Amino acid sequence: MSGRAGAGTRRLRPLLSWALLAVAGTALTAGAPGAQAQQDAIDPATAIQGADVYTSQCARCHGAAGQGGQTPSGPDAPALRGAHIALVDLVLRTGRMPPGDPDGDTKARRPLTDERRDALLAWMDDQLGLRGEIPRVPVGGNPARGQEVYAANCAQCHGSTGGGGVAGGGAFTPVLVDREPLVIAEAIRMGPFQMPQFGEDVISDRELADTIAFLEEVQGEPGTPVGLVELNPVFAGAFVFAISLAAIVSAMWLSGRVSMFPDAPEDGEQP
Amino acid sequence: MVVGQELPPPSEVNDLLAGAFAGLALLGAAVFGVGLALRLPMEVYGGGLAVCLLALAIAVRRYFAAAYPDIEAVEPRELPPQESDVARDSRLSSVERAQPPTLPRRLLLAAAGVLGVSFAVPVSSLGPAPGDALRRTAWARGTRLVTTEGRPLKPEDVVTGGIATVWPQGAIQAEDASVVLVRLSGVQPMRPTNLDWVVNGELVAYSKLCTHAGCPVGLFRERDNALFCPCHQSTFDAARGAVPTFGPAARALPQLPLGVDDEGYLVALGDFTEQVGPAFG
Amino acid sequence: MTPWFEWLLQAMDERLRLRAPGRKTLNKVFPDNWSFLLGEIALVSFGILVLTGIFLTMFFSPSTAPVVYDGGAELYRGRELPAAFESIVRLTHDVPGGLFFRRIHRGASHLFIAATVMHLLRVILTGAFRRPREINYHVGIVLLTLAFGAGFTGYSLPFDSLAGTGIRVAYSELLSFPFVGDRLAFWIFGGDFPTGNMIPRFFVFHVLLIPGLLIGLISLHLAIMARQRHTQFPRPGIDGHRFVLGKPLWPSQFAITTSLVLWTGGLLALAAVLIPWSDVFLIGPYRPGEVGNNAQPDWFLFWLEGALRILPPVEFDLPGVTVSGPFLAGIVLPGLVFGYLAAYPFIERKVYGLHGEWHVLTNPLEVPLRAASAVTVFTFVLILSAAATNDILSRMTRIPIETITWFFRVTSIVVPAALGYLAWRYAARRGARAGGVASSET
């Protein structure tokens, strides 16, 4: 389990440029800045912390005013002004942003602490005018029902038990177990990057809760002594290989005679 | 015929090993039986059985090593008969046969043959004739598109870059009628898409049954509007009539004639005009 | 000998005259080499399959009709499930030992097929298929295909999402059969996929038809082997064409076989505790239009699956047959491989102009045709098998799946051909030094 979070962030790496493009697209369609509803004023300490995080970790690529720009490694950094708050939150929570090293995009990224992230979001919402709101995380879902919703809508990309998979074209779908429920909800509603979006008419709020409950059930499923819960046929094949080897060794041990043929004749030793 | 025989030297170590492993096997067997009866976790009773059998294998081997000599023996093979033997009498049976009458023999063979063939007739009732079952689906003019839960959909229910698996109303989970409904993002549908069957300029529906081996093509990459089959990685371009762009599929996914009825719900304008799913025959 | 056993033997002997044939049987000589035990491992696995299978049959309901599960598993309580899947959930969750015996059954099925394949490799490589053993070789090949059939139907019966997808792909391959594809598929499935008939029929195949044939043909296989005696590795000082050298059934081989039975059972029990194969609990039941990412068949069908994945897009009509991916990968490929396997004894005989009978095994590295054939076919099948894992490889290496697919498209042709050529060259040189292929004829 411990490797999953790390693997999750690593696999996002090649998608970065697309991530940026997608965010840019969202921002472009968001309409003019300032079209936001009135925001409550934020607490000054939070504002200072948020501004600090933004200037130190975001502004270099996304611009001081969130207008977008270029990353040192080349691809465009999307405008953040008017971006959807759930998408920004998702990107921050999964650790896709900010990069560990703003000069060169490093692979291993650690998400911001909850406190710093919340401050950053509050500041961005206040100063850059993010649109939309963070979805509610419905609770009390039914995992049995969730299995059906999951199998119908999610399994094709993320695997039958949330293990992640391939999507072709260099795209990979992330692991879903051990994720925060809020991240699942944001991803379903936002459809980040290559993921399609699922509106309430395709996955209702109740079905969303059921799906989250199913993923928690998968997480809680007891594994074998070697830590495996469920086995893809490929990995089962690897175990078959191991057992076959064990069988060969057993046969050698039981029969006690290993060599089959007399040694090969040496060169030049013509019969 | 024994050619070599080695009596085992008396060895206390060997006896000790045989005894110890037999004891371990006894313990394992008890853990298995008791564990299963008390419904303890599988690790306990399964582990008990595994230990029991493995220990028993070693104990048996040690026991035989102590009790019996290691024997090497030879056994003659039956060699092929000499040519002269074959020539002498090629018949299996030594019973002489009278000259058989021809007609009864032919009738006998004919009866046996006809009987054999007639036994094959009930076998044919195992399956119906295919007819046009593989060329038709449950879609018809005016059939509404519904989700797996049976909700009919309006065009606006599928968000941009969104996807939904839909069925003909009244035939939910009819495998060959499964359809993916896709709202393209960032691109206009192009030829060879049938543009008359596109709703709102961006909503298209394709058969979900892969034209390669019949898996459900359910993975949608929003970035390049690609439909991807997770079974064998066939990739189709949803913006260009679902023509295959990668993988083993050679035929485009058939496009469902899509329209909107008077109440604003999505409907089919008819059945698929091409055969869905893999080729046959 | 204990008095009881003595009494029983006496009583039997008076009625059946067992002593003379019994002594002959107990004195039968088994050649002494580990590779002769591979077939025994397959036999032991088959026995374990039958025993655990009887237990599982008591609980399985062969039907796809919807039933409501009311057992103790949180994830499925109150849900309507196909009866087959429901009975597997019940067996897994509510029957003591149910999951354990299912896992042993699954593990034994893997080992049965793996040991059969290794046994076949031994027979092919060492030339144990040569006259007079062609009949038994062919019986063995039929046994292998039956084992594949048993494995596939067993994989399908739980009717989980993977199983249903597997059945669908198999149905597509049947459809592609020349001339009668659609009729054949409808005939076996009782209609258009998915029918209510398919699981009941697969059940009959899996627990009656195939095991019955397997038991009959295994008996035949053993009877022919006993009649013809074992082959023999060359050993100095003994003419293997006239004598078998080895260990008598009693006590030496009996001790080995008994240990082997117990040891194999122990390995499978251990594997059942450690390895969660056949767990379909989280995968969920099959429903049309649904499939999980990373869907594969069992490993022994990887080569056909790999071919399905890496074949370039082809589809064109010939009279009576549509040449398509499923046709090439599901009909032509297994037809060619099994056809070549079946024909090989005659090909080798013809190519080297051999006659007479052969009881002493030969080193495959001294027979160019055999070395080249074995290396080419085996690496081809192996690379195709690897190609079936392209999605997992892509996920693990982060290389786009298109690149990996192209890699396999190229290597599956180039590598077997190159290695086969090298094997031929090497075996030709070495064989010439050893005195030629026909040097150990009877």
# chains A, B, ... in the order shown; residues from 1 in each chain; ligands from 1
$ select_by_dssp --residues "stretch 66-182 of chain A" --states "strand (DSSP E)" --output "MDAnalysis selection string"
chainID A and resid 69:70 76:77 165:168 171:173
$ interface_residues --of "chain C" --to "chain B" --cutoff "6 Å" --atoms "only C-alpha atoms" --output "PyMOL selection string"
chain C and resi 169+172+175-182+186-187+190-191+242-247+259+262-263+266+269-270+273+288-289+293+295+309+311-315+321
$ closest_residue --among "C:Ser161, C:Ser109, C:Thr411, C:Asn33" --to "chain A" --atoms "only C-alpha atoms"
C:Asn33
$ interface_residues --of "chain A" --to "chain B" --cutoff "6 Å" --atoms "only C-alpha atoms" --output "CSV table (one decimal) with N, CA, C and O atoms, in the first residue's frame"
chain,number,residue,atom,x,y,z
A,156,GLN,N,-13.8,0.2,-16.4
A,156,GLN,CA,-13.1,0.1,-17.7
A,156,GLN,C,-11.8,0.8,-17.7
A,156,GLN,O,-10.9,0.4,-18.5
A,157,CYS,N,-11.7,1.9,-17.0
A,157,CYS,CA,-10.4,2.6,-17.0
A,157,CYS,C,-9.6,2.3,-15.8
A,157,CYS,O,-8.4,2.2,-15.9
A,194,GLN,N,-7.5,13.7,-19.1
A,194,GLN,CA,-8.1,12.9,-20.1
A,194,GLN,C,-9.4,12.3,-19.6
A,194,GLN,O,-10.1,11.6,-20.4
A,195,MET,N,-9.7,12.4,-18.4
A,195,MET,CA,-10.9,11.7,-17.8
A,195,MET,C,-12.2,12.3,-18.3
A,195,MET,O,-12.3,13.6,-18.2
A,196,PRO,N,-13.1,11.5,-18.7
A,196,PRO,CA,-14.4,12.2,-19.0
A,196,PRO,C,-15.1,12.6,-17.8
A,196,PRO,O,-14.8,12.2,-16.7
A,197,GLN,N,-16.0,13.6,-18.0
A,197,GLN,CA,-16.7,14.2,-16.8
A,197,GLN,C,-18.0,13.4,-16.6
A,197,GLN,O,-18.7,12.9,-17.6
A,198,PHE,N,-18.5,13.3,-15.4
A,198,PHE,CA,-19.7,12.6,-15.1
A,198,PHE,C,-20.7,13.5,-14.4
A,198,PHE,O,-20.4,13.9,-13.2
A,201,ASP,N,-26.6,13.5,-13.9
A,201,ASP,CA,-27.6,12.6,-14.6
A,201,ASP,C,-27.0,11.3,-15.0
A,201,ASP,O,-27.8,10.4,-15.3
$ select_by_dssp --residues "stretch 46-221 of chain B" --states "helix (DSSP H, G or I)" --output "ChimeraX atom specification"
/B:46-67,83-88,102-124,155-157,175-177,195-197
$ closest_residue --among "A:Glu133, A:Asp118, A:Glu200, A:Glu148" --to "chain C" --atoms "only C-alpha atoms"
A:Glu148
$ interface_residues --of "chain A" --to "chain C" --cutoff "7 Å" --atoms "only C-alpha atoms" --output "MDAnalysis selection string"
chainID A and resid 143:144 151:152 155:161 165:166 168:170 172 224:226 228:231 233:234 236:237 240 244 251:252 254:255 257:258 260:261 265 270:271
$ write_last_selection --atoms "N, CA and C atoms" --output "compact mmCIF listing (two decimals), in the first residue's frame"
# COMPACT_ATOMS: atom_id res chain seq x y z
N PRO A 143 -21.98 0.22 -0.19
CA PRO A 143 -20.92 -0.35 -1.04
C PRO A 143 -21.45 -1.35 -2.07
N ALA A 144 -22.52 -2.07 -1.72
CA ALA A 144 -23.06 -3.05 -2.66
C ALA A 144 -23.56 -2.36 -3.92
N ALA A 151 -18.59 -0.66 -11.44
CA ALA A 151 -18.36 -1.57 -12.56
C ALA A 151 -18.89 -0.97 -13.86
N ALA A 152 -20.00 -0.24 -13.76
CA ALA A 152 -20.60 0.30 -14.97
C ALA A 152 -19.84 1.51 -15.50
N ALA A 155 -14.77 0.96 -13.90
CA ALA A 155 -13.88 -0.19 -13.99
C ALA A 155 -13.13 -0.26 -15.32
N GLN A 156 -13.77 0.20 -16.40
CA GLN A 156 -13.13 0.09 -17.71
C GLN A 156 -11.80 0.80 -17.75
N CYS A 157 -11.68 1.90 -17.01
CA CYS A 157 -10.43 2.65 -17.02
C CYS A 157 -9.58 2.33 -15.80
N HIS A 158 -10.21 2.26 -14.63
CA HIS A 158 -9.42 2.16 -13.40
C HIS A 158 -9.29 0.72 -12.90
N GLY A 159 -9.79 -0.27 -13.65
CA GLY A 159 -9.69 -1.66 -13.20
C GLY A 159 -10.82 -2.03 -12.27
N SER A 160 -11.11 -3.33 -12.21
CA SER A 160 -12.27 -3.79 -11.46
C SER A 160 -12.20 -3.48 -9.98
N THR A 161 -10.98 -3.34 -9.45
CA THR A 161 -10.88 -3.07 -8.02
C THR A 161 -10.07 -1.80 -7.76
N GLY A 165 -4.83 1.56 -14.48
CA GLY A 165 -4.59 0.80 -15.70
C GLY A 165 -4.09 1.67 -16.82
N VAL A 166 -4.19 1.14 -18.06
CA VAL A 166 -3.74 1.90 -19.22
C VAL A 166 -4.93 2.49 -19.94
N GLY A 168 -4.09 4.00 -23.12
CA GLY A 168 -3.57 4.16 -24.48
C GLY A 168 -3.06 5.57 -24.71
N GLY A 169 -2.29 5.74 -25.79
CA GLY A 169 -1.77 7.06 -26.13
C GLY A 169 -0.89 7.64 -25.04
N GLY A 170 -0.20 6.78 -24.30
CA GLY A 170 0.68 7.26 -23.25
C GLY A 170 -0.04 7.71 -22.00
N PHE A 172 -2.27 6.95 -18.54
CA PHE A 172 -2.48 5.91 -17.55
C PHE A 172 -3.51 6.39 -16.54
N THR A 224 -4.12 -11.73 1.92
CA THR A 224 -3.46 -12.96 2.35
C THR A 224 -2.22 -12.58 3.17
N PRO A 225 -1.55 -13.58 3.77
CA PRO A 225 -0.33 -13.26 4.53
C PRO A 225 0.74 -12.57 3.70
N VAL A 226 0.72 -12.72 2.37
CA VAL A 226 1.71 -11.97 1.59
C VAL A 226 1.17 -10.62 1.14
N LEU A 228 -1.67 -9.75 -0.49
CA LEU A 228 -2.42 -9.61 -1.73
C LEU A 228 -3.91 -9.72 -1.46
N VAL A 229 -4.66 -8.86 -2.13
CA VAL A 229 -6.10 -8.90 -1.97
C VAL A 229 -6.74 -9.59 -3.16
N GLU A 230 -6.35 -9.16 -4.33
CA GLU A 230 -6.99 -9.67 -5.53
C GLU A 230 -5.89 -9.80 -6.57
N LEU A 231 -6.05 -10.76 -7.47
CA LEU A 231 -4.93 -11.10 -8.33
C LEU A 231 -5.34 -11.02 -9.79
N PRO A 233 -4.77 -11.96 -13.67
CA PRO A 233 -4.23 -13.20 -14.23
C PRO A 233 -2.75 -13.12 -14.57
N VAL A 234 -2.24 -11.94 -14.88
CA VAL A 234 -0.82 -11.83 -15.21
C VAL A 234 0.02 -12.15 -13.98
N ALA A 236 -1.03 -13.79 -11.39
CA ALA A 236 -1.29 -15.20 -11.09
C ALA A 236 -0.36 -16.06 -11.93
N GLY A 237 -0.14 -15.65 -13.21
CA GLY A 237 0.77 -16.39 -14.07
C GLY A 237 2.18 -16.42 -13.50
N VAL A 240 2.22 -18.99 -10.95
CA VAL A 240 2.24 -20.32 -11.55
C VAL A 240 3.67 -20.69 -11.93
N SER A 244 5.66 -23.83 -10.56
CA SER A 244 6.24 -24.81 -11.47
C SER A 244 7.71 -25.04 -11.14
N ALA A 251 10.88 -32.35 -7.76
CA ALA A 251 11.11 -33.58 -8.51
C ALA A 251 12.59 -33.94 -8.48
N MET A 252 13.44 -32.91 -8.62
CA MET A 252 14.88 -33.18 -8.59
C MET A 252 15.29 -33.71 -7.22
N LEU A 254 13.39 -35.28 -5.03
CA LEU A 254 12.84 -36.59 -4.75
C LEU A 254 13.56 -37.67 -5.53
N SER A 255 13.92 -37.37 -6.78
CA SER A 255 14.50 -38.43 -7.59
C SER A 255 16.01 -38.50 -7.37
N ARG A 257 18.37 -37.60 -9.10
CA ARG A 257 19.24 -37.70 -10.28
C ARG A 257 18.90 -36.56 -11.22
N VAL A 258 19.85 -35.64 -11.37
CA VAL A 258 19.56 -34.42 -12.09
C VAL A 258 20.02 -34.48 -13.54
N MET A 260 20.84 -35.51 -17.30
CA MET A 260 20.07 -36.28 -18.25
C MET A 260 20.95 -37.03 -19.23
N PHE A 261 21.89 -36.29 -19.81
CA PHE A 261 22.71 -36.89 -20.86
C PHE A 261 24.16 -36.89 -20.40
N PRO A 265 30.52 -34.39 -26.24
CA PRO A 265 31.89 -34.69 -26.66
C PRO A 265 32.66 -33.40 -26.88
N GLN A 270 36.38 -36.89 -32.42
CA GLN A 270 35.47 -37.53 -33.38
C GLN A 270 35.25 -39.00 -33.02
N PRO A 271 34.03 -39.42 -33.03
CA PRO A 271 33.79 -40.83 -32.71
C PRO A 271 34.18 -41.75 -33.87
$ residues_around --residues "C:Ile54" --least-positions-apart "5" --cutoff "12 Å" --atoms "only C-alpha atoms" --output "PyMOL selection string"
chain C and resi 47-49+59-60+101-102+105+206-208+211
$ residues_around --residues "B:Asn14" --least-positions-apart "2" --cutoff "9 Å" --atoms "only C-alpha atoms" --output "list in words"
Pro10, Ser11, Glu12, Leu16, Leu17, Ala18, Gly19, Arg62, Tyr63, Ala65 and Ala66 of chain B
$ write_last_selection --atoms "all heavy atoms" --output "compact mmCIF listing (two decimals), in the first residue's frame"
# COMPACT_ATOMS: atom_id res chain seq x y z
N PRO B 10 22.46 -48.26 9.35
CA PRO B 10 21.57 -47.81 10.43
C PRO B 10 21.93 -46.39 10.84
O PRO B 10 23.11 -46.10 11.05
CB PRO B 10 21.82 -48.81 11.56
CG PRO B 10 22.92 -49.70 11.12
CD PRO B 10 23.30 -49.39 9.73
N SER B 11 20.96 -45.52 10.86
CA SER B 11 21.25 -44.13 11.17
C SER B 11 20.22 -43.61 12.16
O SER B 11 19.02 -43.59 11.87
CB SER B 11 21.23 -43.30 9.89
OG SER B 11 20.97 -41.95 10.18
N GLU B 12 20.71 -43.18 13.30
CA GLU B 12 19.78 -42.65 14.30
C GLU B 12 19.21 -41.31 13.86
O GLU B 12 18.07 -40.97 14.13
CB GLU B 12 20.50 -42.49 15.64
CG GLU B 12 20.54 -43.78 16.43
CD GLU B 12 21.22 -43.60 17.77
OE1 GLU B 12 21.26 -42.46 18.27
OE2 GLU B 12 21.71 -44.61 18.30
N LEU B 16 15.36 -40.27 13.67
CA LEU B 16 14.91 -39.11 14.42
C LEU B 16 14.14 -38.15 13.50
O LEU B 16 13.06 -37.65 13.84
CB LEU B 16 16.12 -38.41 15.02
CG LEU B 16 15.82 -37.41 16.14
CD1 LEU B 16 15.35 -38.15 17.37
CD2 LEU B 16 17.06 -36.58 16.44
N LEU B 17 14.70 -37.93 12.30
CA LEU B 17 14.05 -37.04 11.34
C LEU B 17 12.67 -37.57 10.96
O LEU B 17 11.67 -36.83 10.97
CB LEU B 17 14.90 -36.90 10.07
CG LEU B 17 16.04 -35.89 10.13
CD1 LEU B 17 16.83 -35.95 8.83
CD2 LEU B 17 15.49 -34.50 10.35
N ALA B 18 12.62 -38.86 10.61
CA ALA B 18 11.33 -39.45 10.23
C ALA B 18 10.33 -39.26 11.35
O ALA B 18 9.18 -38.83 11.13
CB ALA B 18 11.52 -40.93 9.91
N GLY B 19 10.75 -39.54 12.58
CA GLY B 19 9.84 -39.41 13.72
C GLY B 19 9.41 -37.97 13.92
O GLY B 19 8.22 -37.68 14.10
N ARG B 62 12.03 -40.30 4.56
CA ARG B 62 13.01 -40.73 5.56
C ARG B 62 12.72 -42.17 6.00
O ARG B 62 13.61 -42.98 6.18
CB ARG B 62 12.98 -39.79 6.78
CG ARG B 62 13.54 -38.41 6.55
CD ARG B 62 15.01 -38.43 6.20
NE ARG B 62 15.21 -38.07 4.80
CZ ARG B 62 16.09 -38.63 4.00
NH1 ARG B 62 16.86 -39.59 4.44
NH2 ARG B 62 16.18 -38.25 2.75
N TYR B 63 11.43 -42.46 6.19
CA TYR B 63 11.04 -43.78 6.66
C TYR B 63 11.47 -44.85 5.67
O TYR B 63 12.07 -45.85 6.04
CB TYR B 63 9.52 -43.82 6.86
CG TYR B 63 9.01 -45.19 7.23
CD1 TYR B 63 9.13 -45.68 8.52
CD2 TYR B 63 8.44 -46.02 6.26
CE1 TYR B 63 8.69 -46.94 8.86
CE2 TYR B 63 7.98 -47.28 6.57
CZ TYR B 63 8.11 -47.74 7.86
OH TYR B 63 7.67 -48.99 8.19
N ALA B 65 13.75 -44.58 3.41
CA ALA B 65 15.21 -44.61 3.31
C ALA B 65 15.81 -45.49 4.40
O ALA B 65 16.82 -46.15 4.21
CB ALA B 65 15.78 -43.20 3.40
N ALA B 66 15.17 -45.51 5.56
CA ALA B 66 15.69 -46.30 6.67
C ALA B 66 15.29 -47.76 6.55
O ALA B 66 16.03 -48.65 6.94
CB ALA B 66 15.18 -45.73 7.99
$ residues_around --residues "A:Gly146" --least-positions-apart "4" --cutoff "7 Å" --atoms "only C-alpha atoms" --output "PyMOL selection string"
chain A and resi 142+150+207+210-211+213-214
$ residues_around --residues "C:Asp94" --least-positions-apart "4" --cutoff "8 Å" --atoms "only C-alpha atoms" --output "list in words"
Gly71, Gly72, Ala73, Val89, Arg90 and Gly98 of chain C
